[in-house]
$ cat coords-v3.cif   # mmCIF, C-alpha atoms
data_query
#
loop_
_atom_site.label_atom_id
_atom_site.label_comp_id
_atom_site.auth_asym_id
_atom_site.auth_seq_id
_atom_site.Cartn_x
_atom_site.Cartn_y
_atom_site.Cartn_z
CA MET A 674 84.98 70.70 49.59
CA ALA A 675 86.51 69.26 52.73
CA ILE A 676 89.72 67.27 52.70
CA ASN A 677 88.04 64.65 54.85
CA LYS A 678 84.89 64.25 56.95
CA ASN A 679 86.61 65.70 60.04
CA HIS A 680 87.45 69.03 58.42
CA GLU A 681 84.32 70.43 56.86
CA PHE A 682 83.71 74.00 55.83
CA GLU A 683 80.93 75.72 53.95
CA GLU A 684 79.24 79.05 53.57
CA LEU A 685 76.80 79.94 56.37
CA ASP A 686 74.87 83.21 56.05
CA GLY A 687 77.28 84.36 53.35
CA VAL A 688 80.41 83.72 55.49
CA LYS A 689 82.86 80.89 54.86
CA CYS A 690 82.89 78.87 58.10
CA GLY A 691 84.52 75.83 59.59
CA ILE A 692 81.71 73.46 60.57
CA VAL A 693 81.61 72.56 64.25
CA GLU A 694 78.58 70.26 64.08
CA LYS A 695 75.43 69.77 62.00
CA ASN A 696 71.86 68.92 63.07
CA VAL A 697 72.36 70.37 66.55
CA GLN A 698 69.53 70.75 69.06
CA PRO A 699 68.98 74.29 70.51
CA GLU A 700 70.41 73.34 73.94
CA ARG A 701 73.66 72.15 72.33
CA VAL A 702 73.83 75.33 70.24
CA GLN A 703 73.94 77.35 73.48
CA PHE A 704 76.69 75.07 74.84
CA PHE A 705 78.81 75.58 71.70
CA LYS A 706 78.21 79.34 71.57
CA LYS A 707 79.30 79.80 75.19
CA LEU A 708 82.37 77.57 74.86
CA LEU A 709 83.59 78.78 71.46
CA GLU A 710 82.99 82.48 72.12
CA TYR A 711 84.97 82.12 75.36
CA ASN A 712 87.81 80.71 73.21
CA LYS A 713 87.66 83.82 70.95
CA TYR A 714 85.83 82.27 67.98
CA THR A 715 83.02 84.01 66.14
CA VAL A 716 80.10 81.55 66.03
CA VAL A 717 77.59 81.40 63.16
CA VAL A 718 74.36 79.41 63.62
CA VAL A 719 71.89 78.71 60.82
CA PRO A 720 68.85 76.41 60.68
CA SER A 721 69.63 73.01 59.18
CA PRO A 722 67.76 72.22 55.98
CA PRO A 723 64.80 69.87 56.50
CA PRO A 724 65.40 66.24 55.60
CA LYS A 725 64.23 65.21 52.14
CA ALA A 726 60.89 63.43 52.27
CA ALA A 727 60.05 60.50 50.05
CA PRO A 728 57.07 61.10 47.79
CA ALA A 729 53.81 59.59 48.98
CA PRO A 730 52.80 56.43 47.13
CA VAL A 731 49.93 56.86 44.69
CA VAL A 732 46.95 54.62 45.50
CA LYS A 733 44.40 54.13 42.74
CA ALA A 734 40.80 53.54 43.66
CA VAL A 735 39.07 50.48 42.28
CA GLU A 736 35.80 51.16 40.46
CA GLY A 737 32.77 50.81 42.70
CA THR A 738 34.66 51.23 45.99
CA GLU A 739 35.38 54.21 48.14
CA PRO A 740 38.82 55.72 47.83
CA PRO A 741 41.15 54.92 50.73
CA PRO A 742 41.68 57.64 53.30
CA PRO A 743 44.78 59.75 52.77
CA PRO A 744 47.81 58.67 54.78
CA PRO A 745 48.50 60.68 57.93
CA ALA A 746 50.90 63.57 57.57
CA PRO A 747 54.42 62.83 58.77
CA PRO A 748 55.36 64.43 62.07
CA PRO A 749 57.26 67.70 61.72
CA ALA A 750 61.01 67.33 61.71
CA PRO A 751 62.68 68.61 64.88
CA GLU A 752 64.24 72.03 64.49
CA THR A 753 67.99 71.64 64.29
CA PHE A 754 70.88 73.94 63.47
CA THR A 755 74.29 73.94 61.84
CA VAL A 756 77.00 75.51 63.99
CA GLY A 757 80.15 76.95 62.46
CA VAL A 758 82.95 79.37 63.28
CA THR A 759 84.33 82.06 60.99
CA ASP A 760 87.81 80.52 61.23
CA TYR A 761 87.33 78.05 58.37
CA THR A 762 90.50 76.19 59.39
CA PHE A 763 88.83 75.15 62.66
CA ASN A 764 88.73 71.39 63.14
CA PRO A 765 86.91 70.11 66.26
CA ILE A 766 89.00 66.92 66.42
CA ASN A 767 92.29 68.84 66.38
CA ALA A 768 90.96 71.41 68.85
CA ILE A 769 89.97 68.75 71.40
CA PHE A 770 92.91 66.39 71.12
CA GLY A 771 95.38 69.23 70.63
CA ARG A 772 94.10 70.67 73.93
CA LEU A 773 93.45 74.04 72.27
CA LEU A 774 90.07 74.79 73.90
CA HIS A 775 89.51 75.79 77.51
CA THR A 776 86.37 75.99 79.64
CA PRO A 777 85.42 79.27 81.31
CA ASP A 778 86.68 77.86 84.62
CA GLY A 779 90.17 77.33 83.14
CA HIS A 780 90.20 73.58 82.45
CA VAL A 781 91.18 72.01 79.14
CA VAL A 782 88.18 70.76 77.14
CA THR A 783 88.14 66.96 77.07
CA GLN A 784 86.25 64.73 74.65
CA ALA A 785 83.70 63.82 77.35
CA TYR A 786 83.07 67.51 78.07
CA TRP A 787 82.71 68.31 74.35
CA GLN A 788 80.18 65.49 73.97
CA GLN A 789 78.40 66.77 77.11
CA LYS A 790 78.85 63.46 78.92
CA GLU A 791 80.47 65.39 81.80
CA SER A 792 79.39 68.79 83.06
CA ILE A 793 82.88 69.60 84.37
CA SER A 794 86.02 69.10 82.30
CA HIS A 795 88.53 66.98 84.20
CA ASP A 796 92.01 67.66 82.89
CA GLU A 797 93.59 64.39 81.89
CA ILE A 798 97.26 63.60 81.44
CA PRO A 799 97.86 63.89 77.70
CA TYR A 800 98.92 60.71 75.93
CA TYR A 801 102.31 62.18 75.02
CA GLU A 802 103.22 62.62 78.71
CA TRP A 803 102.40 59.04 79.75
CA SER A 804 105.89 57.75 79.07
CA LYS A 805 107.77 60.55 80.85
CA PRO A 806 109.43 59.55 84.11
CA VAL A 807 107.72 60.93 87.21
CA ASN A 808 110.91 62.52 88.60
CA ALA A 809 112.00 64.14 85.35
#
$ encode --input "coords-v3.cif" --output "C-alpha cells"
Amino acid sequence: MAINKNHEFEELDGVKCGIVEKNVQPERVQFFKKLLEYNKYTVVVVPSPPPKAAPAPVVKAVEGTEPPPPPPAPPPAPETFTVGVTDYTFNPINAIFGRLLHTPDGHVVTQAYWQQKESISHDEIPYYEWSKPVNA
C-alpha cells in the first residue's frame, strides 16, 4: 500500500514496481520507455485492467407486446497500459522537482516536458536558486 497517492507501488508481471502512471496510451508508453531507460531505470509495462461495467438493466416485456430490442453494446474500452519501474522507491513527483531525470539531449526534465506539453525540455532556474544574488 502506498504512503500517499504520489508514491504508488504494486506488483507488475511478478515484479514489485514503482508506478510511473496508469491508464497510459501506447504513444505515451513509448515516451516513458525512452526517457526512463535513458535514465537507467528498468521499465515494466502491463495492460491496464478494463473498467468495470455496470450490469445492463433488465427490461420485462408486457404481455401481448413485442419485447424491446436489446440495448446496443458499449464501445470497446481504449487499450491502455500501466507503466512502472523496478525501483519501487521511484516517485515521479520527486524525480521531476528534484531534477533527477535528464533528456537524451542532456537537459533536465521539466514538468511541461514530462506532461508532453513541450517537445524540448527547457532548463529552468530551480526555485531554490531564485533568491541567490546574481554576483555570488
$ residues_around --input "coords-v3.cif" --residues "range 698-712 of chain A" --least-positions-apart "3" --cutoff "8 Å" --atoms "all atoms listed in the file" --output "mmCIF file with C-alpha atoms, in the coordinates of the input"
data_model
loop_
_atom_site.group_PDB
_atom_site.id
_atom_site.type_symbol
_atom_site.label_atom_id
_atom_site.label_comp_id
_atom_site.auth_asym_id
_atom_site.auth_seq_id
_atom_site.Cartn_x
_atom_site.Cartn_y
_atom_site.Cartn_z
ATOM 1 C CA THR A 715 83.020 84.010 66.140
ATOM 2 C CA VAL A 716 80.100 81.550 66.030
ATOM 3 C CA VAL A 718 74.360 79.410 63.620
ATOM 4 C CA GLU A 752 64.240 72.030 64.490
ATOM 5 C CA THR A 753 67.990 71.640 64.290
ATOM 6 C CA PHE A 754 70.880 73.940 63.470
ATOM 7 C CA VAL A 756 77.000 75.510 63.990
ATOM 8 C CA LEU A 774 90.070 74.790 73.900
ATOM 9 C CA HIS A 775 89.510 75.790 77.510
ATOM 10 C CA THR A 776 86.370 75.990 79.640
ATOM 11 C CA PRO A 777 85.420 79.270 81.310
#
$ residues_around --input "coords-v3.cif" --residues "range 681-688 of chain A" --least-positions-apart "5" --cutoff "9 Å" --atoms "only C-alpha atoms" --output "count of residues only"
15
$ atom_distance --input "coords-v3.cif" --atom1 "CA of Pro751 in chain A" --atom2 "CA of Asn696 in chain A"
9.4 Å
$ atom_distance --input "coords-v3.cif" --atom1 "CA of Lys689 in chain A" --atom2 "CA of Leu773 in chain A"
21.5 Å
$ closest_residue --input "coords-v3.cif" --among "A:Val758, A:Glu736, A:Lys678, A:Lys725" --to "Ile692 in chain A" --atoms "all atoms listed in the file"
A:Val758
$ build_atoms --input "coords-v3.cif" --residues "range 686-718 of chain A" --atoms "N, CA and C atoms" --output "compact mmCIF listing (two decimals), in the coordinates of the input"
# COMPACT_ATOMS: atom_id res chain seq x y z
N ASP A 686 75.28 81.81 56.07
CA ASP A 686 74.87 83.21 56.05
C ASP A 686 75.84 84.10 55.28
N GLY A 687 76.38 83.58 54.18
CA GLY A 687 77.28 84.36 53.35
C GLY A 687 78.71 84.44 53.86
N VAL A 688 79.06 83.70 54.92
CA VAL A 688 80.41 83.72 55.49
C VAL A 688 80.98 82.31 55.42
N LYS A 689 82.21 82.20 54.91
CA LYS A 689 82.86 80.89 54.86
C LYS A 689 83.22 80.49 56.29
N CYS A 690 82.74 79.31 56.71
CA CYS A 690 82.89 78.87 58.10
C CYS A 690 83.42 77.45 58.18
N GLY A 691 84.17 77.19 59.24
CA GLY A 691 84.52 75.83 59.59
C GLY A 691 83.35 75.24 60.35
N ILE A 692 82.89 74.07 59.95
CA ILE A 692 81.71 73.46 60.57
C ILE A 692 82.12 72.80 61.89
N VAL A 693 81.40 73.16 62.94
CA VAL A 693 81.61 72.56 64.25
C VAL A 693 80.77 71.29 64.35
N GLU A 694 79.48 71.41 64.05
CA GLU A 694 78.58 70.26 64.08
C GLU A 694 77.31 70.61 63.32
N LYS A 695 76.69 69.58 62.73
CA LYS A 695 75.43 69.77 62.00
C LYS A 695 74.30 69.07 62.75
N ASN A 696 73.07 69.48 62.46
CA ASN A 696 71.86 68.92 63.07
C ASN A 696 71.93 68.97 64.60
N VAL A 697 72.17 70.15 65.12
CA VAL A 697 72.36 70.37 66.55
C VAL A 697 71.06 70.87 67.16
N GLN A 698 70.71 70.31 68.32
CA GLN A 698 69.53 70.75 69.06
C GLN A 698 69.81 72.13 69.68
N PRO A 699 68.77 72.94 69.97
CA PRO A 699 68.98 74.29 70.51
C PRO A 699 69.80 74.33 71.80
N GLU A 700 69.65 73.33 72.68
CA GLU A 700 70.41 73.34 73.94
C GLU A 700 71.91 73.20 73.65
N ARG A 701 72.25 72.35 72.68
CA ARG A 701 73.66 72.15 72.33
C ARG A 701 74.23 73.38 71.62
N VAL A 702 73.39 74.09 70.88
CA VAL A 702 73.83 75.33 70.24
C VAL A 702 74.31 76.31 71.31
N GLN A 703 73.55 76.43 72.40
CA GLN A 703 73.94 77.35 73.48
C GLN A 703 75.26 76.91 74.11
N PHE A 704 75.44 75.61 74.29
CA PHE A 704 76.69 75.07 74.84
C PHE A 704 77.87 75.47 73.94
N PHE A 705 77.73 75.25 72.63
CA PHE A 705 78.81 75.58 71.70
C PHE A 705 79.08 77.08 71.67
N LYS A 706 78.03 77.89 71.63
CA LYS A 706 78.21 79.34 71.57
C LYS A 706 79.01 79.82 72.78
N LYS A 707 78.62 79.37 73.97
CA LYS A 707 79.30 79.80 75.19
C LYS A 707 80.77 79.37 75.17
N LEU A 708 81.02 78.11 74.83
CA LEU A 708 82.37 77.57 74.86
C LEU A 708 83.26 78.21 73.79
N LEU A 709 82.77 78.28 72.56
CA LEU A 709 83.59 78.78 71.46
C LEU A 709 83.80 80.29 71.53
N GLU A 710 82.81 81.04 71.97
CA GLU A 710 82.99 82.48 72.12
C GLU A 710 83.97 82.78 73.25
N TYR A 711 83.97 81.96 74.30
CA TYR A 711 84.97 82.12 75.36
C TYR A 711 86.38 81.91 74.80
N ASN A 712 86.52 81.00 73.83
CA ASN A 712 87.81 80.71 73.21
C ASN A 712 88.10 81.62 72.01
N LYS A 713 87.41 82.75 71.93
CA LYS A 713 87.66 83.82 70.95
C LYS A 713 87.30 83.45 69.51
N TYR A 714 86.33 82.57 69.31
CA TYR A 714 85.83 82.27 67.98
C TYR A 714 84.54 83.02 67.75
N THR A 715 84.29 83.40 66.51
CA THR A 715 83.02 84.01 66.14
C THR A 715 82.12 82.88 65.64
N VAL A 716 80.99 82.68 66.32
CA VAL A 716 80.10 81.55 66.03
C VAL A 716 78.98 81.99 65.09
N VAL A 717 78.70 81.17 64.10
CA VAL A 717 77.59 81.40 63.16
C VAL A 717 76.66 80.20 63.26
N VAL A 718 75.37 80.48 63.48
CA VAL A 718 74.36 79.41 63.62
C VAL A 718 73.27 79.66 62.59
